[in-house]
Amino acid sequence: MNSPPIGLTAPPTTSAAGLRRTMLVMLGLVSMFNYIDRTVLSVLQEPIKRELGLSDGQLGLLTGLAFALFYATLSLPIARLADRFNRRNIIAASLATWSGMTALSGLATGFGSLVAFRIGVALGEAGSVPASHSIIADYYPPEKRVTALALWGLALPAGIMLGYASGGWIASALGWRLAFGVIGVAGLALAPIVLLLVREPARTGSDPSIRTEKAPPLGEAMRFLWRLRTYRYMLIGTTLHAFAQYAMMSWSAPFYMRVHHMPLADVASWLALMNGLGGGIGIYLGGRLSDAAGSRDPAGRVWVSAAAMLLMVPAALVQFLIPSLTASLAFGFIATMLMFFYYGPIIGVPQSVVPPRIRALTSAVTLLVFNLFGLGLGPAVTGFLSDYLAAADGMHDTSLRYALSAVVLFSLAGAGSIAWASRFYADDLKRQ
């Protein structure tokens, strides 16, 4: 009897290595454009601020809450669709939506229109990540899942690197408006290629009897997630860490331009290297070291992230407070590398302790909480704190330095929560 086609009604097997690689590369490219389009606004903040007359608080809202509020809340209903319908099609449609809105951002005439286009970008990006997590989890078994998701996660530093580099270079040569247009059109061109090369896999789990199980009601699924102590404390920890992470990512370009007086093109190059290489090393090492530690003790897949967050804090404080530009960039590289260690585990660990039919929902809940508090409030609070310090003490060029130093401390609490989550992982894993 012939076996069913791989990716349609059966899970991938070892004979499908090429199919898995193609899928992982394509979903990685989609994710990379996700972060390119998100990052380009961060590197263009200074020229946008000068032309449109915006404050740091408004910039913080644009890079944070205005985007995160819609991105996080819309990810939940779209994830429910991904748990029921074709995930590849949802990903391609999402890519086309956010790329088109990025291109239109170059037409913005003020704060209001930029907010409207950012909401459009958020709408598109909300559909991509949960569906991608779910597809990858169906292609890879639990013992390889964290590493696979960490490899896919390399799109994050690659996208940030290209976002900083391309946005800064294009804006330096042609202006910030054309930077949005060129990057948006490039993403639009990728959407039909995703439809052509990515195949929708069957939904799989450790127990064959539940492969065709319907997605549970939302309330039941949410109660199940809350009872998983591993997931609950990992989510709290990474959300606290995200508050610091997104503040650092959103405000690094203005920090180096104001405090160290670097030109935009130089800032773009250095931050591209810092986030691309440093972030890539961090995500890869975080995934590999977590799986290696987990092979000896399941809790190792969790506590590696806590250790990295703890070490990140002093490195980041040196980055923002030291007067030397060279030392600041060196410690910034180290801080960025440690900052991204958590990425593979926060995706792979929850995917291993939940049933297949709520995997996309699990990622969406993670994005909802993580982004509302981390992405939504981190950059905004930093911007308003910078405005307050500048007004109160006249530190117009250095207020951002102290605002960033303050929000970095949230990662200390995040490390403690994730360390606590490691106590429960082995028991939660046995229940699946």
# chains A, B, ... in the order shown; residues from 1 in each chain; ligands from 1
call {"tool": "residues_around", "arguments": {"residues": "stretch 179-190 of chain A", "least_positions_apart": "2", "cutoff": "10 Å", "atoms": "only C-alpha atoms", "output": "count of residues only"}}
result
44
call {"tool": "residues_around", "arguments": {"residues": "A:Leu218", "least_positions_apart": "4", "cutoff": "12 Å", "atoms": "only C-alpha atoms", "output": "JSON list (two decimals) with N, CA and C atoms, in the first residue's frame"}}
result
[["chain", "number", "residue", "atom", "x", "y", "z"],
["A", 76, "LEU", "N", -4.09, 36.45, 17.93],
["A", 76, "LEU", "CA", -4.90, 35.40, 18.56],
["A", 76, "LEU", "C", -5.99, 34.87, 17.64],
["A", 77, "PRO", "N", -6.86, 35.73, 17.07],
["A", 77, "PRO", "CA", -7.87, 35.17, 16.15],
["A", 77, "PRO", "C", -7.28, 34.59, 14.88],
["A", 79, "ALA", "N", -4.41, 33.07, 14.68],
["A", 79, "ALA", "CA", -3.86, 31.78, 15.07],
["A", 79, "ALA", "C", -4.95, 30.72, 15.15],
["A", 80, "ARG", "N", -6.15, 31.11, 15.60],
["A", 80, "ARG", "CA", -7.25, 30.16, 15.63],
["A", 80, "ARG", "C", -7.60, 29.69, 14.21],
["A", 81, "LEU", "N", -7.50, 30.60, 13.25],
["A", 81, "LEU", "CA", -7.69, 30.19, 11.86],
["A", 81, "LEU", "C", -6.58, 29.24, 11.41],
["A", 83, "ASP", "N", -5.00, 27.13, 13.23],
["A", 83, "ASP", "CA", -5.21, 25.81, 13.83],
["A", 83, "ASP", "C", -6.29, 25.03, 13.12],
["A", 214, "LYS", "N", -9.88, 17.74, 16.79],
["A", 214, "LYS", "CA", -10.24, 19.12, 16.52],
["A", 214, "LYS", "C", -9.65, 20.05, 17.58],
["A", 222, "MET", "N", -7.17, 27.98, 26.85],
["A", 222, "MET", "CA", -6.52, 28.98, 27.68],
["A", 222, "MET", "C", -6.33, 28.48, 29.11],
["A", 223, "ARG", "N", -7.34, 27.77, 29.63],
["A", 223, "ARG", "CA", -7.21, 27.21, 30.98],
["A", 223, "ARG", "C", -6.10, 26.16, 31.02],
["A", 224, "PHE", "N", -5.98, 25.38, 29.95],
["A", 224, "PHE", "CA", -4.91, 24.38, 29.88],
["A", 224, "PHE", "C", -3.53, 25.05, 29.91],
["A", 225, "LEU", "N", -3.37, 26.12, 29.13],
["A", 225, "LEU", "CA", -2.09, 26.83, 29.10],
["A", 225, "LEU", "C", -1.75, 27.43, 30.46],
["A", 357, "ARG", "N", -3.11, 20.59, 18.29],
["A", 357, "ARG", "CA", -4.16, 21.49, 17.82],
["A", 357, "ARG", "C", -4.22, 22.83, 18.54],
["A", 358, "ILE", "N", -3.34, 23.06, 19.49],
["A", 358, "ILE", "CA", -3.28, 24.40, 20.09],
["A", 358, "ILE", "C", -1.87, 24.98, 19.98],
["A", 361, "LEU", "N", -2.14, 28.50, 18.59],
["A", 361, "LEU", "CA", -2.73, 29.32, 19.64],
["A", 361, "LEU", "C", -1.71, 29.63, 20.73],
["A", 362, "THR", "N", -0.90, 28.63, 21.11],
["A", 362, "THR", "CA", 0.12, 28.84, 22.14],
["A", 362, "THR", "C", 1.09, 29.94, 21.72],
["A", 365, "VAL", "N", -0.74, 33.33, 21.96],
["A", 365, "VAL", "CA", -0.86, 33.83, 23.33],
["A", 365, "VAL", "C", 0.48, 34.40, 23.79]]
call {"tool": "atom_distance", "arguments": {"atom1": "atom CA of A:Ser128", "atom2": "atom CA of A:Phe370"}}
result
15.8 Å
call {"tool": "residues_around", "arguments": {"residues": "stretch 375-383 of chain A", "least_positions_apart": "5", "cutoff": "8 Å", "atoms": "only C-alpha atoms", "output": "number ranges by chain"}}
result
A: 56-61, 63-69, 242-248, 250-251, 370, 400, 403-404, 407
